[in-house]
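S.K.: My questions all concern the structure below.
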Amino acid sequence: MIDSHTHLDSCEPSDAALVAAATQSGVNRILTIGQDGDTGRAALAAAEAFPQVFAAIGHHPNKATGFGDEQLAELRALAAHERCRAIGETGLDYFRDYAPPADQQRAFHAQIELARDTGKPLVIHTRAAEDDTIATLRSRAQGVEVVLHCFSMPDRLDECLAEGWWISFAGNVTYPKNEDLAAAAARVPDDRILVETDAPYLTPQPMRKERNQPAYVTETARFVAEQRGQDYAAFETIVERNAAQLLKW
């Protein structure tokens, strides 16, 4: 199994313990995500230290205040690292008032172009901004591989699939109240689906009282496989193949 989206720098305990626990659970590849320059460097340091770990380099919309040429140049330099396999997470977040929408949009547009320039997939965060996120991707991200991380738009699934975007499910798909999300997980084609933890957030239901970590992605994967009527081994093969194709690891 793989974890296509985690934040090792925000998890506990140490990176070494987290990677060891993941390996013990059968998780053999992890993509840890940068949200700005500092966390991008931490992601690359983890990727250098552990062969199972790779990095995504990006600037989160909640950290986009004042985003400009300096921040873009920093991302571009980090993204050139051989262990960087994706750009992001980027996108739009209108749920929290952490950064002005205009700054979020400027950072989003710049990272779409960075993904295009580098030939790396683009990892998308969207919250309470579905219309603008989808419209931006449609108008600006043609030809870029787009990953909708922590997919939370079940009513827009068909639109997203029609664009050829990748759909990644996190632990919230396992929550009893999210029946519509579970139903969406059952409908994603085999060649478009991924799973993730978004650790330390969104711990899957069986481990809900604990902080999330990459090892727990197997709980999400088992749940999604059950919704799809697939046995775990078959689903594991599908997800590992998809991640290898997308992230070239």
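Identifiers in this document derive from the order of the structure tokens: chains are assigned A, B, ..., residues are numbered from 1 separately in each chain, and ligands are numbered from 1 in order of occurrence.
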Could I get the residues of range 108-132 of chain A with an atom no further than 7 Å from an atom of range 77-93 of chain A, each paired with its nearest atom pair and that distance in Å to one decimal, using only C-alpha atoms, sorted by chain and residue number, as a tab-separated table?

M.R.:
residue	atom	partner	partner_atom	distance
A:Phe108	CA	A:Gly91	CA	5.3
A:Gln111	CA	A:Ile87	CA	6.9
A:Ala115	CA	A:Ile87	CA	5.8
A:Lys120	CA	A:Ala86	CA	5.1
A:Pro121	CA	A:Ala86	CA	5.0
A:Leu122	CA	A:Ile87	CA	4.9
A:Val123	CA	A:Gly88	CA	4.8
A:Ile124	CA	A:Thr90	CA	5.2
A:His125	CA	A:Gly91	CA	4.9
A:Thr126	CA	A:Leu92	CA	5.0
A:Arg127	CA	A:Asp93	CA	4.7
A:Ala128	CA	A:Asp93	CA	6.2
A:Ala129	CA	A:Asp93	CA	6.0

S.K.: Taking into account only C-alpha atoms, which residue in the set A:Ile167, A:Val173, A:Ala110, A:Ile134 is nearest to Gly58 in chain A?

M.R.: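 That would be A:Ala110, the residue with the smallest distance to Gly58 in chain A.
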
S.K.: Can you measure CA of Ile33 in chain A to CA of Gln205 in chain A for me? One decimal in Å is fine.

M.R.: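 These two atoms are separated by 22.8 Å.
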
S.K.: Can you work out which one of A:His109, A:Gln213, A:Ala221, A:Gly171 has the shortest atom-to-atom distance to Ile30 in chain A, counting only C-alpha atoms?

M.R.: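 Residue with the minimum atom-to-atom distance to Ile30 in chain A: A:Gln213.
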
S.K.: Excluding range 4-9 of chain A and any residue of its chain fewer than 4 positions from it, enumerate the residues within 9 Å of it, using only C-alpha atoms, and give them as a PyMOL selection string.

M.R.: chain A and resi 14-15+18+29-34+39+42-43+46+56+123+149-150+168+170+194-201+213-214+243

S.K.: Just list the residues in range 41-86 of chain A DSSP gives alpha helix (DSSP H) on the backbone, as a VMD selection string.

M.R.: chain A and resid 41 to 49 69 to 79

S.K.: For each of A:Ala107, A:Tyr232, A:Ala73, A:Trp249, take the minimum atom-to-atom distance to Gln52 in chain A, counting only C-alpha atoms, then give the residue where this is smallest.

M.R.: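 Of A:Ala107, A:Tyr232, A:Ala73, A:Trp249, the one nearest Gln52 in chain A is A:Trp249, counting only C-alpha atoms.
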
S.K.: Can you measure CA of Thr174 in chain A to CA of Asn62 in chain A for me? One decimal in Å is fine.

M.R.: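 Rounded to one decimal, the two atoms are 25.7 Å apart.
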
S.K.: Here is a test: counting only C-alpha atoms, which residue of A:Gly229, A:Gly66, A:Pro101, A:Pro154 is nearest to Asp132 in chain A?

M.R.: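 Checking each of A:Gly229, A:Gly66, A:Pro101, A:Pro154 against Asp132 in chain A, counting only C-alpha atoms, the winner is A:Pro101.
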
S.K.: Using only C-alpha atoms, which protein or nucleic acid residues come within 12 Å of Arg241 in chain A? Drop anything in the same chain fewer than 3 positions from it, and give the result as a tab-separated table (two decimals) with C-alpha atoms, in the first residue's frame.

M.R.:
chain	number	residue	atom	x	y	z
A	1	MET	CA	0.00	0.00	0.00
A	2	ILE	CA	1.00	3.66	-0.43
A	29	ARG	CA	5.80	4.46	-0.42
A	190	ASP	CA	-9.66	1.79	-11.12
A	191	ASP	CA	-7.21	3.96	-13.07
A	192	ARG	CA	-8.07	7.21	-11.25
A	193	ILE	CA	-8.12	6.28	-7.56
A	194	LEU	CA	-5.60	6.90	-4.78
A	234	ALA	CA	-6.56	-6.45	-5.60
A	235	PHE	CA	-7.16	-2.89	-4.46
A	236	GLU	CA	-3.62	-2.64	-3.13
A	237	THR	CA	-2.29	-3.59	-6.57
A	238	ILE	CA	-4.48	-0.97	-8.23
A	244	ALA	CA	3.83	4.54	-9.45
A	245	GLN	CA	2.46	5.82	-12.76
A	246	LEU	CA	1.62	9.25	-11.42
A	247	LEU	CA	4.57	9.90	-9.11
A	248	LYS	CA	7.23	7.92	-10.98
A	249	TRP	CA	8.62	6.26	-7.87

S.K.: Identify which of the residues A:Phe151, A:Phe169, A:Pro176, A:Asp36 lies closest to Thr218 in chain A, counting only C-alpha atoms when measuring atom-to-atom distances.

M.R.: A:Phe169

S.K.: Distance CA of Trp165 in chain A-CA of Val146 in chain A, one decimal place?

M.R.: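 Atom-to-atom, CA of Trp165 in chain A to CA of Val146 in chain A, that is 5.1 Å.
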
S.K.: Would you please work out which residue, of A:Asp155, A:Glu179, A:Glu130, A:Glu12, is nearest to Phe223 in chain A when using only C-alpha atoms?

M.R.: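 Smallest distance to Phe223 in chain A is found for A:Glu179.
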
S.K.: Determine, counting only C-alpha atoms, which protein, DNA and RNA residues have an atom within 9 Å of an atom of Leu157 in chain A; residues of the same chain fewer than 4 positions away are not included. Present the result as a count of residues only.

M.R.: 7

S.K.: Check range 130-207 of chain A with DSSP on the backbone and list each residue it calls strand (DSSP E or B), as a VMD selection string.

M.R.: chain A and resid 146 to 148 166 to 169 193 to 195

S.K.: Just N, CA and C atoms for this one: save the residues we selected as a CSV table (one decimal), in the first residue's frame.

M.R.:
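Produced file selection_32.csv, reproduced below:
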chain,number,residue,atom,x,y,z
A,146,VAL,N,-3.7,16.3,-12.4
A,146,VAL,CA,-4.2,16.9,-11.3
A,146,VAL,C,-4.7,15.9,-10.3
A,147,VAL,N,-4.3,16.0,-9.0
A,147,VAL,CA,-4.7,15.1,-7.9
A,147,VAL,C,-5.6,15.9,-7.0
A,148,LEU,N,-6.8,15.5,-6.8
A,148,LEU,CA,-7.8,16.1,-5.9
A,148,LEU,C,-7.6,15.4,-4.5
A,166,TRP,N,-7.2,12.9,-10.9
A,166,TRP,CA,-7.1,11.8,-10.0
A,166,TRP,C,-7.9,12.1,-8.7
A,167,ILE,N,-8.5,11.1,-8.1
A,167,ILE,CA,-9.3,11.2,-6.9
A,167,ILE,C,-8.6,10.5,-5.8
A,168,SER,N,-8.3,11.2,-4.7
A,168,SER,CA,-7.6,10.6,-3.6
A,168,SER,C,-8.4,10.7,-2.3
A,169,PHE,N,-8.7,9.6,-1.7
A,169,PHE,CA,-9.5,9.5,-0.5
A,169,PHE,C,-8.7,9.4,0.8
A,193,ILE,N,-7.9,6.2,-9.0
A,193,ILE,CA,-8.1,6.3,-7.6
A,193,ILE,C,-6.8,6.2,-6.8
A,194,LEU,N,-6.7,6.9,-5.7
A,194,LEU,CA,-5.6,6.9,-4.8
A,194,LEU,C,-6.1,6.9,-3.3
A,195,VAL,N,-5.3,6.6,-2.4
A,195,VAL,CA,-5.6,6.7,-1.0
A,195,VAL,C,-4.5,7.5,-0.3
